[in-house]
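Participant: For reference, this is start.txt, and it has compact mmCIF, C-alpha atoms.
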# COMPACT_ATOMS: atom_id res chain seq x y z
CA ILE A 1 -31.04 24.31 10.98
CA ARG A 2 -27.85 25.26 9.16
CA CYS A 3 -28.75 26.28 5.62
CA ASN A 4 -25.27 27.24 4.40
CA GLN A 5 -23.54 24.02 5.42
CA SER A 6 -23.60 20.75 3.50
CA PRO A 7 -24.37 17.53 5.41
CA GLN A 8 -20.78 16.35 4.92
CA GLN A 9 -19.36 19.59 6.38
CA LEU A 10 -21.74 19.32 9.32
CA LEU A 11 -20.68 15.73 10.03
CA VAL A 12 -16.98 16.68 9.83
CA SER A 13 -17.44 19.68 12.13
CA GLN A 14 -19.22 17.49 14.69
CA GLY A 15 -16.47 14.85 14.53
CA ARG A 16 -18.79 12.20 13.06
CA ALA A 17 -16.99 11.96 9.70
CA LEU A 18 -13.46 12.41 8.39
CA PRO A 19 -12.60 15.23 6.00
CA GLU A 20 -11.50 14.43 2.46
CA LEU A 21 -7.79 13.75 2.09
CA THR A 22 -5.65 16.53 0.65
CA ASP A 23 -3.53 15.92 -2.46
CA ARG A 24 -0.43 15.82 -0.24
CA GLU A 25 -1.96 13.10 1.91
CA LYS A 26 -2.99 11.14 -1.18
CA TYR A 27 0.22 11.33 -3.22
CA ASP A 28 3.14 12.04 -0.89
CA PRO A 29 5.40 8.94 -0.69
CA GLU A 30 6.59 9.90 2.79
CA PHE A 31 3.35 8.43 4.18
CA LEU A 32 4.60 5.05 2.93
CA LEU A 33 8.39 5.32 3.14
CA GLU A 34 10.60 6.75 5.87
CA ARG A 35 13.74 8.80 5.42
CA THR A 36 16.81 7.09 6.85
CA THR A 37 20.44 8.09 7.24
CA THR A 38 23.56 6.08 6.66
CA THR A 39 25.17 5.35 10.02
CA SER A 40 28.12 3.06 9.40
CA ALA A 41 31.35 4.46 7.95
CA THR A 42 33.14 1.11 7.90
CA SER A 43 32.56 0.28 4.24
CA ALA A 44 33.49 2.22 1.13
CA ASP A 45 29.82 2.64 0.27
CA ALA A 46 29.08 4.35 3.58
CA VAL A 47 32.08 6.67 3.16
CA ALA A 48 30.94 7.53 -0.36
CA ALA A 49 27.46 8.30 1.01
CA SER A 50 28.78 10.76 3.60
CA GLY A 51 29.08 14.49 3.05
CA ASP A 52 32.30 16.50 2.70
CA ASP A 53 32.57 16.94 6.46
CA GLY A 54 32.18 13.19 7.12
CA ASP A 55 28.68 13.46 8.60
CA PRO A 56 26.13 10.91 7.37
CA ILE A 57 23.79 12.34 4.79
CA THR A 58 20.06 11.80 4.53
CA LEU A 59 19.16 9.76 1.49
CA PRO A 60 15.90 10.84 -0.20
CA LEU A 61 13.77 7.73 0.22
CA GLN A 62 15.22 4.49 1.44
CA PRO A 63 12.85 1.56 1.02
CA LYS A 64 11.93 1.36 4.71
CA ALA A 65 8.19 0.98 5.09
CA THR A 66 6.31 3.11 7.59
CA GLU A 67 4.19 1.47 10.25
CA TYR A 68 1.08 2.57 8.32
CA LEU A 69 2.21 0.76 5.14
CA GLU A 70 3.14 -2.39 7.05
CA ARG A 71 -0.27 -2.50 8.78
CA ALA A 72 -2.02 -1.91 5.44
CA VAL A 73 -0.11 -4.72 3.73
CA ASP A 74 -0.86 -7.04 6.67
CA LYS A 75 -4.58 -6.28 6.40
CA ILE A 76 -4.56 -6.81 2.62
CA PHE A 77 -2.70 -10.11 3.05
CA GLU A 78 -5.08 -11.31 5.78
CA ALA A 79 -8.12 -10.38 3.69
CA HIS A 80 -7.00 -12.25 0.57
CA SER A 81 -4.60 -15.00 1.68
CA VAL A 82 -5.53 -18.68 1.83
CA ASP A 83 -4.18 -21.59 3.86
CA GLU A 84 -1.46 -23.51 2.06
CA ARG A 85 -2.23 -27.20 1.64
CA GLY A 86 -0.38 -29.39 4.12
CA ASN A 87 0.97 -26.38 5.95
CA ASP A 88 -0.27 -23.85 8.50
CA GLU A 89 1.10 -20.90 6.51
CA LYS A 90 -1.07 -18.45 4.60
CA VAL A 91 -0.20 -17.65 0.99
CA LEU A 92 -1.47 -15.64 -1.95
CA ASP A 93 -2.17 -18.17 -4.69
CA ARG A 94 -3.41 -17.39 -8.22
CA ASN A 95 -7.04 -17.04 -7.14
CA ALA A 96 -6.20 -14.87 -4.12
CA LEU A 97 -3.93 -12.62 -6.21
CA SER A 98 -6.62 -12.20 -8.86
CA LYS A 99 -9.23 -11.24 -6.23
CA TRP A 100 -6.83 -8.72 -4.68
CA MET A 101 -5.86 -7.18 -8.03
CA THR A 102 -9.51 -7.03 -9.17
CA LYS A 103 -10.39 -5.15 -5.99
CA CYS A 104 -7.47 -2.74 -6.51
CA VAL A 105 -8.41 -1.79 -10.07
CA SER A 106 -12.17 -1.61 -9.45
CA SER A 107 -13.42 1.87 -8.62
CA PRO A 108 -16.12 2.19 -5.96
CA LEU A 109 -17.21 5.43 -7.66
CA GLU A 110 -17.99 3.80 -11.01
CA PRO A 111 -19.63 0.41 -10.35
CA SER A 112 -20.59 -0.04 -14.00
CA GLN A 113 -16.89 -0.03 -14.96
CA SER A 114 -15.86 -3.27 -13.23
CA TYR A 115 -12.66 -4.86 -14.49
CA VAL A 116 -11.96 -8.48 -13.57
CA ILE A 117 -8.47 -9.96 -13.51
CA GLY A 118 -8.60 -13.74 -13.81
CA PRO A 119 -6.24 -16.18 -12.08
CA TYR A 120 -4.45 -16.97 -15.36
CA ASP A 121 -3.97 -13.36 -16.47
CA ARG A 122 -0.43 -12.48 -17.64
CA SER A 123 0.06 -10.06 -14.74
CA ILE A 124 -0.67 -12.83 -12.20
CA SER A 125 1.76 -15.17 -13.94
CA ALA A 126 4.41 -12.44 -14.00
CA ILE A 127 4.03 -11.77 -10.27
CA LEU A 128 4.17 -15.47 -9.43
CA SER A 129 7.20 -16.12 -11.61
CA ARG A 130 9.08 -13.21 -10.12
CA TYR A 131 8.19 -13.45 -6.40
CA SER A 132 6.84 -16.93 -5.69
CA THR A 133 8.88 -19.60 -3.95
CA SER A 134 6.53 -22.32 -5.22
CA HIS A 135 3.62 -22.17 -7.68
How does the structure come out when it is put into C-alpha cells?

Facilitator:
Amino acid sequence: IRCNQSPQQLLVSQGRALPELTDREKYDPEFLLERTTTTSATSADAVAASGDDGDPITLPLQPKATEYLERAVDKIFEAHSVDERGNDEKVLDRNALSKWMTKCVSSPLEPSQSYVIGPYDRSISAILSRYSTSH
C-alpha cells in the first residue's frame, strides 16, 4: 500500500494512464504547425524573404499542418460528416456542423453548462457562406 501517492500518480507510474499535459503541450502552436523555410530564390518574394547573406530564412509559422493536426481533422470530419445526396462524397452540412460545434464548446468537466448550437445559428451560416461550395 502506497499512502503518499494518489491513485492517478500510481497509474501514471505504472504506465496505465497518461500524465496531464503541460501548458506548453496545451498551448504551443508548434504542435499544430510546422516551421518551414523558403527554398526558391527565383521570384522577388523569395529574394525578399532571404537574409543578407542570401541564405533562406526560417519564417515563424507557415500554415503547414503537422501530421498530428491532419489526423485530428480527419477524425473530426469522419465523426461528424454525412453522405452527400446523389454522391459518394462525405460533407459537413448544417446539422453536422452544429453537432461538431456543440461538441467543441461543451465542457466535459461541467455537464450542467451545456451549450447547444443549432443548425441555423449565425456562426453556422457564416461558415457555410465563407467555405461551402454548395449549400

Participant: Counting only C-alpha atoms, which residue out of A:Ser134, A:Ser129, A:Gln14, A:Asn95 sits closest to Ile117 in chain A?

Facilitator: A:Asn95

Participant: Out of A:Tyr27, A:Glu20, A:Val12, A:Ala96, which residue has the shortest atom-to-atom distance to Glu84 in chain A when counting all atoms listed in the file?

Facilitator: A:Ala96

Participant: Applying 8 Å and all atoms listed in the file, which residues near range 74-82 of chain A remain after dropping the ones on its own chain fewer than 2 positions away? List them as a short mmCIF file (atom, residue, chain, number, x, y, z; two decimals) with C-alpha atoms, in the coordinates of the input.

Facilitator:
data_model
loop_
_atom_site.label_atom_id
_atom_site.label_comp_id
_atom_site.auth_asym_id
_atom_site.auth_seq_id
_atom_site.Cartn_x
_atom_site.Cartn_y
_atom_site.Cartn_z
CA GLU A 70 3.14 -2.39 7.05
CA ARG A 71 -0.27 -2.50 8.78
CA ALA A 72 -2.02 -1.91 5.44
CA GLU A 84 -1.46 -23.51 2.06
CA LYS A 90 -1.07 -18.45 4.60
CA VAL A 91 -0.20 -17.65 0.99
CA LEU A 92 -1.47 -15.64 -1.95
CA ASP A 93 -2.17 -18.17 -4.69
CA ALA A 96 -6.20 -14.87 -4.12
CA LEU A 97 -3.93 -12.62 -6.21
CA LYS A 99 -9.23 -11.24 -6.23
CA TRP A 100 -6.83 -8.72 -4.68
#

Participant: Kindly indicate which residue among A:Arg16, A:Tyr68, A:Leu10, A:Tyr120 lies nearest to Glu30 in chain A, using all atoms listed in the file for the distances.

Facilitator: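 Going through A:Arg16, A:Tyr68, A:Leu10, A:Tyr120 one by one, the smallest distance to Glu30 in chain A is for A:Tyr68.
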
Participant: Enumerate, as an MDAnalysis selection string, the protein, DNA and RNA residues whose atoms approach (7.3, 8.4, -0.3) to within 12 Å, taking into account all atoms listed in the file and the coordinate frame of the file.

Facilitator: chainID A and resid 24:36 60:66 69

Participant: So which residues touch Ile124 in chain A within 7 Å, counting all atoms listed in the file, skipping near sequence neighbours fewer than 3 positions away, as number ranges by chain?

Facilitator: A: 94, 97-98, 119-121, 127-128

Participant: What is the distance between CA of Thr22 in chain A and CA of Cys104 in chain A, in Å to one decimal?

Facilitator: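 A separation of 20.6 Å between them.
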
Participant: What is the CA of Tyr131 in chain A to CA of Val73 in chain A distance in Å?

Facilitator: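 About the pair CA of Tyr131 in chain A and CA of Val73 in chain A: they are 15.7 Å apart.
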
Participant: Would you work out the distance separating CA of Thr133 in chain A from CA of Glu89 in chain A, expressed in Å to one decimal?

Facilitator: 13.1 Å
